[in-house]
file structure.tsv (TSV, C-alpha atoms and all ligand atoms)
chain	number	residue	atom	x	y	z
A	109	MET	CA	1.15	-17.43	-5.46
A	110	ARG	CA	0.12	-18.92	-2.11
A	111	LYS	CA	-3.35	-18.45	-0.73
A	112	THR	CA	-3.33	-15.75	1.95
A	113	PRO	CA	-3.17	-15.31	4.86
A	114	PHE	CA	-0.46	-17.91	5.36
A	115	VAL	CA	1.87	-18.51	8.24
A	116	VAL	CA	5.51	-19.17	9.01
A	117	MET	CA	5.79	-21.21	12.19
A	118	ASN	CA	8.48	-23.57	13.44
A	119	GLY	CA	10.57	-22.76	10.37
A	120	GLN	CA	7.86	-23.84	7.93
A	121	VAL	CA	5.47	-22.04	5.63
A	122	MET	CA	1.92	-23.30	6.04
A	123	ASP	CA	-1.68	-22.38	5.34
A	124	GLN	CA	-3.45	-20.48	8.08
A	125	SER	CA	-5.67	-23.54	8.70
A	126	GLU	CA	-2.60	-25.70	9.45
A	127	ALA	CA	-1.04	-23.27	11.92
A	128	LEU	CA	-2.30	-24.64	15.20
A	129	VAL	CA	-1.56	-23.15	18.61
A	130	PRO	CA	-2.06	-25.34	21.72
A	131	ILE	CA	-5.15	-24.74	23.83
A	132	ASN	CA	-2.91	-24.12	26.86
A	133	ASP	CA	-0.95	-21.42	25.04
A	134	ARG	CA	-0.56	-18.37	27.28
A	135	SER	CA	-1.38	-15.98	24.44
A	136	PHE	CA	-4.79	-17.66	24.14
A	137	LEU	CA	-5.33	-18.00	27.89
A	138	PHE	CA	-4.06	-14.66	29.17
A	139	GLY	CA	-3.08	-12.41	26.24
A	140	ASP	CA	0.49	-13.14	27.39
A	141	SER	CA	2.17	-12.35	24.09
A	142	LEU	CA	3.93	-9.62	22.10
A	143	TYR	CA	3.43	-8.56	18.54
A	144	GLU	CA	4.66	-6.27	15.79
A	145	VAL	CA	3.27	-5.37	12.37
A	146	ILE	CA	5.73	-4.74	9.58
A	147	ALA	CA	4.83	-3.62	6.07
A	148	THR	CA	6.66	-3.74	2.75
A	149	ARG	CA	7.03	-1.27	-0.13
A	150	LYS	CA	8.29	-2.45	-3.52
A	151	GLY	CA	8.51	-5.91	-1.94
A	152	GLN	CA	10.98	-4.80	0.74
A	153	PRO	CA	10.23	-4.36	4.44
A	154	PHE	CA	11.13	-1.12	6.16
A	155	PHE	CA	12.22	-0.20	9.68
A	156	THR	CA	12.52	-3.88	10.64
A	157	ASP	CA	15.32	-3.10	13.10
A	158	ASP	CA	13.09	-0.57	14.88
A	159	HIS	CA	10.27	-3.12	15.12
A	160	LEU	CA	12.62	-5.81	16.44
A	161	ALA	CA	14.08	-3.38	18.98
A	162	ARG	CA	10.56	-2.51	20.15
A	163	LEU	CA	9.67	-6.21	20.33
A	164	ARG	CA	12.71	-6.75	22.55
A	165	ALA	CA	11.84	-3.75	24.71
A	166	THR	CA	8.32	-5.13	25.17
A	167	ALA	CA	9.73	-8.59	25.97
A	168	GLU	CA	11.97	-7.04	28.61
A	169	GLY	CA	9.06	-5.00	29.98
A	170	VAL	CA	7.00	-8.16	30.50
A	171	HIS	CA	9.94	-10.28	31.70
A	172	MET	CA	10.03	-12.56	28.67
A	173	SER	CA	13.36	-13.75	27.30
A	174	LEU	CA	13.49	-14.31	23.57
A	175	PRO	CA	15.65	-17.21	22.39
A	176	TRP	CA	16.21	-15.76	18.88
A	177	ASP	CA	18.52	-13.13	17.42
A	178	ASP	CA	17.46	-10.48	14.90
A	179	SER	CA	18.84	-12.41	11.94
A	180	TRP	CA	16.56	-15.34	12.82
A	181	PHE	CA	13.52	-13.01	12.79
A	182	LYS	CA	14.60	-11.59	9.44
A	183	GLN	CA	15.05	-15.11	8.01
A	184	GLN	CA	11.48	-16.02	9.01
A	185	ILE	CA	10.14	-12.79	7.50
A	186	ARG	CA	12.08	-13.38	4.27
A	187	MET	CA	10.83	-16.97	4.11
A	188	GLY	CA	7.26	-15.67	4.03
A	189	LEU	CA	7.92	-12.74	1.70
A	190	ASP	CA	9.50	-15.10	-0.84
A	191	GLN	CA	6.09	-16.81	-1.09
A	192	LEU	CA	4.22	-13.55	-1.66
A	193	PRO	CA	5.74	-11.54	-4.51
A	194	LEU	CA	3.69	-8.39	-4.01
A	195	ASP	CA	4.91	-4.83	-3.51
A	196	GLU	CA	2.87	-4.23	-0.39
A	197	VAL	CA	2.68	-7.00	2.17
A	198	TYR	CA	1.45	-7.07	5.77
A	199	VAL	CA	3.55	-9.12	8.19
A	200	ARG	CA	2.28	-9.72	11.70
A	201	MET	CA	4.68	-11.41	14.08
A	202	ILE	CA	3.41	-12.73	17.36
A	203	VAL	CA	5.46	-14.19	20.18
A	204	SER	CA	3.59	-16.08	22.86
A	205	ARG	CA	5.36	-16.70	26.16
A	206	GLY	CA	4.63	-20.39	25.53
A	207	SER	CA	2.24	-22.91	26.98
A	208	GLY	CA	1.90	-24.62	30.32
A	209	ASP	CA	-0.38	-25.00	33.25
A	210	TYR	CA	-3.67	-23.06	33.52
A	211	ASN	CA	-1.99	-20.72	35.94
A	212	ILE	CA	-0.96	-17.11	35.40
A	213	ASP	CA	2.39	-17.63	37.17
A	214	ILE	CA	5.13	-17.08	34.57
A	215	ASP	CA	7.08	-19.89	36.22
A	216	SER	CA	4.38	-22.35	35.24
A	217	THR	CA	5.26	-21.88	31.54
A	218	ALA	CA	6.46	-25.29	30.37
A	219	THR	CA	7.74	-24.51	26.86
A	220	GLU	CA	9.97	-22.07	25.01
A	221	PRO	CA	8.18	-19.02	23.51
A	222	LEU	CA	6.30	-19.61	20.27
A	223	ALA	CA	6.84	-17.27	17.31
A	224	VAL	CA	4.24	-17.06	14.56
A	225	PHE	CA	4.47	-14.90	11.42
A	226	ILE	CA	1.32	-14.13	9.43
A	227	PHE	CA	1.51	-12.84	5.86
A	228	LYS	CA	-1.18	-11.26	3.67
A	229	PRO	CA	-1.48	-8.43	1.17
A	230	LEU	CA	-1.33	-5.04	2.89
A	231	PRO	CA	-4.93	-3.94	3.55
A	232	VAL	CA	-6.00	-1.15	1.24
A	233	ILE	CA	-7.02	1.95	3.18
A	234	ALA	CA	-10.54	3.06	2.26
A	235	GLU	CA	-10.35	6.08	-0.06
A	236	ARG	CA	-12.58	8.06	2.28
A	237	PHE	CA	-9.85	8.08	4.94
A	238	GLU	CA	-7.57	9.95	2.55
A	239	THR	CA	-10.03	12.16	0.67
A	240	GLU	CA	-12.06	13.08	3.76
A	241	GLY	CA	-10.36	11.72	6.86
A	242	TYR	CA	-11.10	9.79	10.01
A	243	ILE	CA	-14.01	10.58	12.29
A	244	LEU	CA	-12.90	10.14	15.89
A	245	SER	CA	-14.94	10.06	19.04
A	246	VAL	CA	-13.60	10.56	22.55
A	247	SER	CA	-14.15	7.33	24.46
A	248	GLU	CA	-15.33	7.15	28.06
A	249	THR	CA	-12.83	4.34	28.58
A	250	ARG	CA	-9.42	5.81	29.36
A	251	ARG	CA	-5.99	4.59	28.25
A	252	ASN	CA	-4.33	2.12	30.60
A	253	HIS	CA	-2.12	3.96	33.05
A	254	PRO	CA	1.60	3.40	32.31
A	255	ARG	CA	1.97	2.02	35.83
A	256	SER	CA	-0.78	-0.54	35.21
A	257	LEU	CA	-0.29	-2.11	31.78
A	258	ASN	CA	2.08	0.28	30.05
A	259	PRO	CA	0.70	1.17	26.59
A	260	ALA	CA	4.32	1.36	25.42
A	261	PHE	CA	4.38	-2.45	25.58
A	262	LYS	CA	3.05	-3.85	22.32
A	263	THR	CA	1.43	-6.93	23.76
A	264	GLY	CA	-1.38	-9.19	22.57
A	265	ASN	CA	-3.56	-7.78	25.33
A	266	TYR	CA	-5.60	-5.23	23.39
A	267	LEU	CA	-8.78	-5.13	25.46
A	268	ASN	CA	-8.24	-1.49	26.48
A	269	ASN	CA	-8.13	-0.54	22.79
A	270	ILE	CA	-10.93	-2.95	21.84
A	271	LEU	CA	-13.29	-1.34	24.36
A	272	CYS	CA	-12.43	2.17	23.17
A	273	LEU	CA	-12.98	1.20	19.54
A	274	TYR	CA	-16.29	-0.46	20.41
A	275	GLU	CA	-17.50	2.78	22.02
A	276	ALA	CA	-16.35	4.91	19.09
A	277	LYS	CA	-18.06	2.69	16.54
A	278	ALA	CA	-21.27	2.61	18.60
A	279	LYS	CA	-21.29	6.40	18.21
A	280	GLY	CA	-20.81	6.14	14.45
A	281	ALA	CA	-17.11	7.13	14.48
A	282	ASP	CA	-14.25	5.34	12.75
A	283	ASP	CA	-11.92	5.28	15.73
A	284	ALA	CA	-11.56	6.50	19.30
A	285	LEU	CA	-9.57	9.37	20.66
A	286	ILE	CA	-8.40	8.00	24.01
A	287	LEU	CA	-7.64	10.23	26.99
A	288	ASP	CA	-5.42	9.37	29.93
A	289	LEU	CA	-6.82	9.43	33.47
A	290	ASP	CA	-5.99	13.16	33.76
A	291	GLY	CA	-7.71	14.12	30.50
A	292	HIS	CA	-4.62	14.37	28.30
A	293	VAL	CA	-4.92	13.21	24.71
A	294	THR	CA	-3.04	9.92	24.22
A	295	GLU	CA	-3.64	8.20	20.88
A	296	ALA	CA	-6.21	6.34	18.77
A	297	THR	CA	-6.78	2.57	19.08
A	298	THR	CA	-4.16	1.47	16.53
A	299	SER	CA	-2.43	4.72	15.65
A	300	ASN	CA	-0.69	7.68	17.22
A	301	LEU	CA	-2.27	11.10	17.10
A	302	PHE	CA	-0.83	14.48	16.07
A	303	MET	CA	-2.19	17.99	15.91
A	304	VAL	CA	-0.87	20.98	14.02
A	305	LYS	CA	-1.45	24.50	15.29
A	306	ASN	CA	0.22	27.58	13.79
A	307	ASN	CA	2.69	25.31	11.95
A	308	VAL	CA	3.77	23.61	15.20
A	309	VAL	CA	3.49	19.82	15.15
A	310	TRP	CA	2.37	18.37	18.48
A	311	THR	CA	2.11	14.83	19.75
A	312	ALA	CA	1.74	13.34	23.22
A	313	PRO	CA	4.85	12.22	25.11
A	314	LEU	CA	5.33	8.57	26.09
A	315	GLU	CA	4.65	9.44	29.75
A	316	VAL	CA	0.91	9.96	29.16
A	317	GLY	CA	0.67	6.32	28.06
A	318	ILE	CA	0.99	5.68	24.34
A	319	LEU	CA	2.69	3.21	22.07
A	320	ASP	CA	6.11	4.49	21.01
A	321	GLY	CA	4.95	4.36	17.40
A	322	ILE	CA	7.67	3.92	14.83
A	323	THR	CA	5.79	6.03	12.30
A	324	ARG	CA	5.37	8.70	14.99
A	325	ARG	CA	9.15	8.80	15.50
A	326	TYR	CA	9.86	9.19	11.79
A	327	MET	CA	7.06	11.75	11.35
A	328	LEU	CA	8.65	13.85	14.09
A	329	ASP	CA	12.04	13.52	12.35
A	330	GLN	CA	10.50	14.59	9.05
A	331	ALA	CA	8.78	17.55	10.68
A	332	ARG	CA	12.14	18.70	12.07
A	333	ALA	CA	13.86	18.08	8.73
A	334	LEU	CA	11.23	20.30	7.09
A	335	GLY	CA	12.08	23.03	9.57
A	336	LEU	CA	8.81	22.74	11.48
A	337	GLU	CA	8.72	23.25	15.21
A	338	THR	CA	7.75	20.07	17.09
A	339	ARG	CA	6.39	19.71	20.60
A	340	VAL	CA	6.21	16.40	22.40
A	341	GLU	CA	4.18	17.62	25.34
A	342	PRO	CA	0.87	16.71	26.97
A	343	PHE	CA	-2.20	18.50	25.59
A	344	ASP	CA	-5.90	18.23	26.31
A	345	LEU	CA	-9.17	18.23	24.38
A	346	GLU	CA	-9.46	22.00	24.53
A	347	ALA	CA	-6.13	22.34	22.71
A	348	ILE	CA	-6.95	19.79	20.02
A	349	ARG	CA	-10.31	21.51	19.43
A	350	GLN	CA	-8.38	24.57	18.32
A	351	ALA	CA	-5.94	22.71	16.08
A	352	ASP	CA	-5.61	23.58	12.40
A	353	GLU	CA	-4.98	19.97	11.39
A	354	VAL	CA	-5.19	16.62	13.16
A	355	PHE	CA	-3.82	13.34	11.84
A	356	VAL	CA	-3.22	9.74	12.86
A	357	SER	CA	-0.08	7.75	12.08
A	358	SER	CA	0.81	4.07	11.81
A	359	THR	CA	2.98	1.70	9.79
A	360	ILE	CA	0.07	0.84	7.53
A	361	LYS	CA	-1.35	4.34	7.11
A	362	GLY	CA	1.62	6.67	7.17
A	363	ALA	CA	-0.29	9.87	8.06
A	364	ASN	CA	-4.05	10.03	7.47
A	365	PRO	CA	-6.12	13.15	8.18
A	366	VAL	CA	-8.77	13.41	10.89
A	367	CYS	CA	-11.77	15.43	9.71
A	368	ARG	CA	-13.89	15.34	12.87
A	369	ILE	CA	-13.58	14.67	16.59
A	370	ASP	CA	-17.15	14.35	17.93
A	371	ASP	CA	-18.68	17.75	17.02
A	372	GLN	CA	-15.43	19.47	16.18
A	373	GLU	CA	-14.79	19.68	12.44
A	374	TYR	CA	-11.41	20.03	10.74
A	375	PRO	CA	-10.68	20.70	7.07
A	376	THR	CA	-11.63	17.82	4.78
A	377	GLY	CA	-8.75	15.68	3.53
A	378	TYR	CA	-5.05	16.33	3.94
A	379	GLY	CA	-4.22	19.69	5.44
A	380	PRO	CA	-1.06	21.33	4.02
A	381	ILE	CA	1.28	20.23	6.86
A	382	THR	CA	-0.14	16.70	7.05
A	383	ARG	CA	0.34	16.43	3.28
A	384	GLN	CA	3.91	17.67	3.47
A	385	LEU	CA	4.75	15.29	6.33
A	386	ASP	CA	3.14	12.27	4.72
A	387	ASP	CA	4.97	12.91	1.42
A	388	ALA	CA	8.30	13.42	3.20
A	389	TYR	CA	7.73	10.30	5.32
A	390	TRP	CA	7.08	8.01	2.33
A	391	GLN	CA	9.98	9.50	0.45
A	392	TYR	CA	12.19	8.69	3.45
A	393	VAL	CA	10.77	5.15	3.64
A	394	ASP	CA	11.50	4.58	-0.06
A	395	GLN	CA	15.08	5.68	0.48
A	396	HIS	CA	15.48	3.38	3.50
A	397	LEU	CA	13.94	0.07	2.47
A	398	ASP	CA	15.56	-2.91	4.23
A	399	GLN	CA	17.80	-5.19	2.23
A	400	TYR	CA	17.57	-8.74	3.54
B	1	LIG	C1	-2.08	1.57	20.09
B	1	LIG	C2	-1.24	1.87	18.89
B	1	LIG	N1	-0.68	3.09	18.76
B	1	LIG	C3	0.09	3.41	17.70
B	1	LIG	C4	0.33	2.49	16.67
B	1	LIG	C5	1.20	2.88	15.51
B	1	LIG	O1	2.48	2.31	15.66
B	1	LIG	P1	3.48	2.13	14.45
B	1	LIG	O2	3.68	3.47	13.86
B	1	LIG	O3	4.71	1.58	15.07
B	1	LIG	O4	2.83	1.19	13.48
B	1	LIG	C6	-0.21	1.19	16.78
B	1	LIG	C7	0.05	0.22	15.75
B	1	LIG	O5	-0.34	-0.92	15.83
B	1	LIG	C8	-1.02	0.88	17.90
B	1	LIG	O6	-1.56	-0.33	18.02
call {"tool": "encode", "arguments": {"input": "structure.tsv", "output": "structure tokens"}}
result
Amino acid sequence: MRKTPFVVMNGQVMDQSEALVPINDRSFLFGDSLYEVIATRKGQPFFTDDHLARLRATAEGVHMSLPWDDSWFKQQIRMGLDQLPLDEVYVRMIVSRGSGDYNIDIDSTATEPLAVFIFKPLPVIAERFETEGYILSVSETRRNHPRSLNPAFKTGNYLNNILCLYEAKAKGADDALILDLDGHVTEATTSNLFMVKNNVVWTAPLEVGILDGITRRYMLDQARALGLETRVEPFDLEAIRQADEVFVSSTIKGANPVCRIDDQEYPTGYGPITRQLDDAYWQYVDQHLDQY
């Protein structure tokens, strides 16, 4: 098996150390890039079409035209997966706008976009995050306003999230709970956020400024399939303080419980609804693994 992480770039599989990006690449200079993270189960990716659709939506949002069709992306992913025969693999695909002059003007880009695919075993989530849960802290730094850099765009520019995470960790938390400029709960730094109150499953709407998380979408579907009421409406810190359960969601985690937000404690480990949703979600994933 190949040493990991390794990379697929320009149609070739190579070691990470061989995958060189030019110094005038716009991803390096300006964070002018897009990315997606895909995971596998039983060696097969899942929800690839959703990730590619979101990649295209981000590209459109930042006025980048992608010269590849979906089958090309899938071929590159498959090329890497064939070198890493594990059940659970992490695939990060990054598209830089390209390289050019040291000038932010998009028109100064001199090359086609560059696509890079990084492969490694899926990181194992620390047991504590499942048996106890995440400790979140509300960051002073607010989520980018959708009319500034829309958090729905999954770009390589993560400084907003990096600053929030830095603050949370400085306070001894695992992750940040990020508010919008009006004090509505948005999300965590690399996951969406849900609360459960009286069996109603709540999550913030896209308008407050969040990533349109693919796990979030399927969690909402599962909640509805289980007959639970869902609300995709803004809510504030006061509301989440009174929640029965809080959880975070992402491709890598599925749903993981939150056991504390600053001084507010929640039950340790998976609450009953979070447990039910996480089980239903993974069952759905296993029934919908991609075949390519
Ligand atoms: C800011 C942010 N929110 C939410 C998510 C979860 O998204 P998904 O469920 O598509 O993995 C991510 C994942 O990277 C993220 O970076």
call {"tool": "residues_near_ligand", "arguments": {"input": "structure.tsv", "ligand": "ligand LIG 1 (chain B)", "cutoff": "6 Å", "atoms": "all atoms listed in the file", "output": "MDAnalysis selection string"}}
result
chainID A and resid 297:300 319 321:324 357:359
call {"tool": "residues_around", "arguments": {"input": "structure.tsv", "residues": "Asn252 in chain A", "least_positions_apart": "6", "cutoff": "12 Å", "atoms": "only C-alpha atoms", "output": "PyMOL selection string"}}
result
chain A and resi 258-261+265-269+271-272+286-290+294-295+297+315-319
call {"tool": "write_last_selection", "arguments": {"input": "structure.tsv", "atoms": "C-alpha atoms", "output": "short mmCIF file (atom, residue, chain, number, x, y, z; two decimals), keeping the file's coordinate frame"}}
result
data_model
loop_
_atom_site.label_atom_id
_atom_site.label_comp_id
_atom_site.auth_asym_id
_atom_site.auth_seq_id
_atom_site.Cartn_x
_atom_site.Cartn_y
_atom_site.Cartn_z
CA ASN A 258 2.08 0.28 30.05
CA PRO A 259 0.70 1.17 26.59
CA ALA A 260 4.32 1.36 25.42
CA PHE A 261 4.38 -2.45 25.58
CA ASN A 265 -3.56 -7.78 25.33
CA TYR A 266 -5.60 -5.23 23.39
CA LEU A 267 -8.78 -5.13 25.46
CA ASN A 268 -8.24 -1.49 26.48
CA ASN A 269 -8.13 -0.54 22.79
CA LEU A 271 -13.29 -1.34 24.36
CA CYS A 272 -12.43 2.17 23.17
CA ILE A 286 -8.40 8.00 24.01
CA LEU A 287 -7.64 10.23 26.99
CA ASP A 288 -5.42 9.37 29.93
CA LEU A 289 -6.82 9.43 33.47
CA ASP A 290 -5.99 13.16 33.76
CA THR A 294 -3.04 9.92 24.22
CA GLU A 295 -3.64 8.20 20.88
CA THR A 297 -6.78 2.57 19.08
CA GLU A 315 4.65 9.44 29.75
CA VAL A 316 0.91 9.96 29.16
CA GLY A 317 0.67 6.32 28.06
CA ILE A 318 0.99 5.68 24.34
CA LEU A 319 2.69 3.21 22.07
#
call {"tool": "atom_distance", "arguments": {"input": "structure.tsv", "atom1": "CA of Thr263 in chain A", "atom2": "CA of Ser135 in chain A"}}
result
9.5 Å
call {"tool": "closest_residue", "arguments": {"input": "structure.tsv", "among": "A:Val116, A:Leu257, A:Ala127, A:Arg250", "to": "Val170 in chain A", "atoms": "all atoms listed in the file"}}
result
A:Leu257
call {"tool": "residues_around", "arguments": {"input": "structure.tsv", "residues": "range 148-153 of chain A", "least_positions_apart": "6", "cutoff": "8 Å", "atoms": "all atoms listed in the file", "output": "CSV table (one decimal) with C-alpha atoms, keeping the file's coordinate frame"}}
result
chain,number,residue,atom,x,y,z
A,189,LEU,CA,7.9,-12.7,1.7
A,193,PRO,CA,5.7,-11.5,-4.5
A,194,LEU,CA,3.7,-8.4,-4.0
A,195,ASP,CA,4.9,-4.8,-3.5
A,196,GLU,CA,2.9,-4.2,-0.4
A,197,VAL,CA,2.7,-7.0,2.2
A,198,TYR,CA,1.4,-7.1,5.8
A,394,ASP,CA,11.5,4.6,-0.1
A,397,LEU,CA,13.9,0.1,2.5
A,398,ASP,CA,15.6,-2.9,4.2
A,399,GLN,CA,17.8,-5.2,2.2
call {"tool": "residues_near_point", "arguments": {"input": "structure.tsv", "point": "(12.2, -13.8, 10.6)", "cutoff": "10 Å", "atoms": "only C-alpha atoms", "output": "ChimeraX atom specification"}}
result
/A:116-117,119,156,160,176-189,201,223-225
call {"tool": "closest_residue", "arguments": {"input": "structure.tsv", "among": "A:Asp213, A:Glu220, A:Glu341, A:Glu235", "to": "Phe138 in chain A", "atoms": "only C-alpha atoms"}}
result
A:Asp213
call {"tool": "residues_around", "arguments": {"input": "structure.tsv", "residues": "Arg236 in chain A", "least_positions_apart": "6", "cutoff": "12 Å", "atoms": "only C-alpha atoms", "output": "ChimeraX atom specification"}}
result
/A:242-243,282,364-367,376-378
call {"tool": "decode", "arguments": {"input": "structure.tsv", "residues": "range 376-396 of chain A", "atoms": "N, CA, C and O atoms", "output": "mmCIF file, in the first residue's frame"}}
result
data_model
loop_
_atom_site.group_PDB
_atom_site.id
_atom_site.type_symbol
_atom_site.label_atom_id
_atom_site.label_comp_id
_atom_site.auth_asym_id
_atom_site.auth_seq_id
_atom_site.Cartn_x
_atom_site.Cartn_y
_atom_site.Cartn_z
ATOM 1 N N THR A 376 -24.135 13.986 28.922
ATOM 2 C CA THR A 376 -22.894 13.418 28.406
ATOM 3 C C THR A 376 -23.197 12.371 27.335
ATOM 4 O O THR A 376 -24.094 11.550 27.511
ATOM 5 N N GLY A 377 -22.456 12.421 26.254
ATOM 6 C CA GLY A 377 -22.601 11.414 25.187
ATOM 7 C C GLY A 377 -23.832 11.651 24.330
ATOM 8 O O GLY A 377 -24.472 12.709 24.419
ATOM 9 N N TYR A 378 -24.152 10.650 23.521
ATOM 10 C CA TYR A 378 -25.284 10.790 22.604
ATOM 11 C C TYR A 378 -26.609 10.877 23.350
ATOM 12 O O TYR A 378 -26.940 9.981 24.117
ATOM 13 N N GLY A 379 -27.342 11.948 23.107
ATOM 14 C CA GLY A 379 -28.710 12.003 23.602
ATOM 15 C C GLY A 379 -29.568 11.088 22.737
ATOM 16 O O GLY A 379 -29.127 10.675 21.650
ATOM 17 N N PRO A 380 -30.796 10.763 23.175
ATOM 18 C CA PRO A 380 -31.597 9.773 22.437
ATOM 19 C C PRO A 380 -31.884 10.175 20.989
ATOM 20 O O PRO A 380 -31.818 9.318 20.087
ATOM 21 N N ILE A 381 -32.167 11.444 20.727
ATOM 22 C CA ILE A 381 -32.493 11.852 19.343
ATOM 23 C C ILE A 381 -31.216 11.887 18.488
ATOM 24 O O ILE A 381 -31.210 11.418 17.344
ATOM 25 N N THR A 382 -30.139 12.394 19.059
ATOM 26 C CA THR A 382 -28.867 12.421 18.318
ATOM 27 C C THR A 382 -28.469 10.987 17.943
ATOM 28 O O THR A 382 -28.039 10.719 16.819
ATOM 29 N N ARG A 383 -28.642 10.073 18.876
ATOM 30 C CA ARG A 383 -28.310 8.661 18.630
ATOM 31 C C ARG A 383 -29.139 8.092 17.481
ATOM 32 O O ARG A 383 -28.636 7.483 16.542
ATOM 33 N N GLN A 384 -30.434 8.373 17.556
ATOM 34 C CA GLN A 384 -31.363 7.865 16.542
ATOM 35 C C GLN A 384 -31.010 8.428 15.152
ATOM 36 O O GLN A 384 -30.995 7.701 14.160
ATOM 37 N N LEU A 385 -30.706 9.726 15.126
ATOM 38 C CA LEU A 385 -30.382 10.376 13.851
ATOM 39 C C LEU A 385 -29.074 9.864 13.277
ATOM 40 O O LEU A 385 -28.966 9.602 12.076
ATOM 41 N N ASP A 386 -28.076 9.732 14.148
ATOM 42 C CA ASP A 386 -26.765 9.270 13.678
ATOM 43 C C ASP A 386 -26.886 7.842 13.134
ATOM 44 O O ASP A 386 -26.347 7.526 12.067
ATOM 45 N N ASP A 387 -27.606 6.982 13.849
ATOM 46 C CA ASP A 387 -27.789 5.599 13.372
ATOM 47 C C ASP A 387 -28.511 5.583 12.036
ATOM 48 O O ASP A 387 -28.111 4.878 11.111
ATOM 49 N N ALA A 388 -29.586 6.378 11.934
ATOM 50 C CA ALA A 388 -30.375 6.389 10.688
ATOM 51 C C ALA A 388 -29.535 6.952 9.542
ATOM 52 O O ALA A 388 -29.596 6.464 8.407
ATOM 53 N N TYR A 389 -28.732 7.960 9.850
ATOM 54 C CA TYR A 389 -27.878 8.572 8.823
ATOM 55 C C TYR A 389 -26.901 7.543 8.255
ATOM 56 O O TYR A 389 -26.785 7.381 7.040
ATOM 57 N N TRP A 390 -26.180 6.838 9.143
ATOM 58 C CA TRP A 390 -25.171 5.878 8.648
ATOM 59 C C TRP A 390 -25.818 4.690 7.933
ATOM 60 O O TRP A 390 -25.250 4.142 6.986
ATOM 61 N N GLN A 391 -26.998 4.347 8.381
ATOM 62 C CA GLN A 391 -27.717 3.278 7.690
ATOM 63 C C GLN A 391 -28.049 3.734 6.259
ATOM 64 O O GLN A 391 -27.879 2.989 5.298
ATOM 65 N N TYR A 392 -28.482 4.985 6.148
ATOM 66 C CA TYR A 392 -28.802 5.549 4.827
ATOM 67 C C TYR A 392 -27.537 5.606 3.964
ATOM 68 O O TYR A 392 -27.563 5.227 2.782
ATOM 69 N N VAL A 393 -26.434 6.049 4.567
ATOM 70 C CA VAL A 393 -25.167 6.119 3.808
ATOM 71 C C VAL A 393 -24.824 4.728 3.277
ATOM 72 O O VAL A 393 -24.507 4.566 2.087
ATOM 73 N N ASP A 394 -24.900 3.717 4.144
ATOM 74 C CA ASP A 394 -24.516 2.362 3.727
ATOM 75 C C ASP A 394 -25.399 1.828 2.599
ATOM 76 O O ASP A 394 -24.979 1.005 1.809
ATOM 77 N N GLN A 395 -26.624 2.336 2.555
ATOM 78 C CA GLN A 395 -27.525 1.893 1.477
ATOM 79 C C GLN A 395 -27.336 2.716 0.204
ATOM 80 O O GLN A 395 -27.949 2.422 -0.815
ATOM 81 N N HIS A 396 -26.531 3.783 0.292
ATOM 82 C CA HIS A 396 -26.377 4.676 -0.867
ATOM 83 C C HIS A 396 -24.912 4.951 -1.189
ATOM 84 O O HIS A 396 -24.549 6.077 -1.524
#
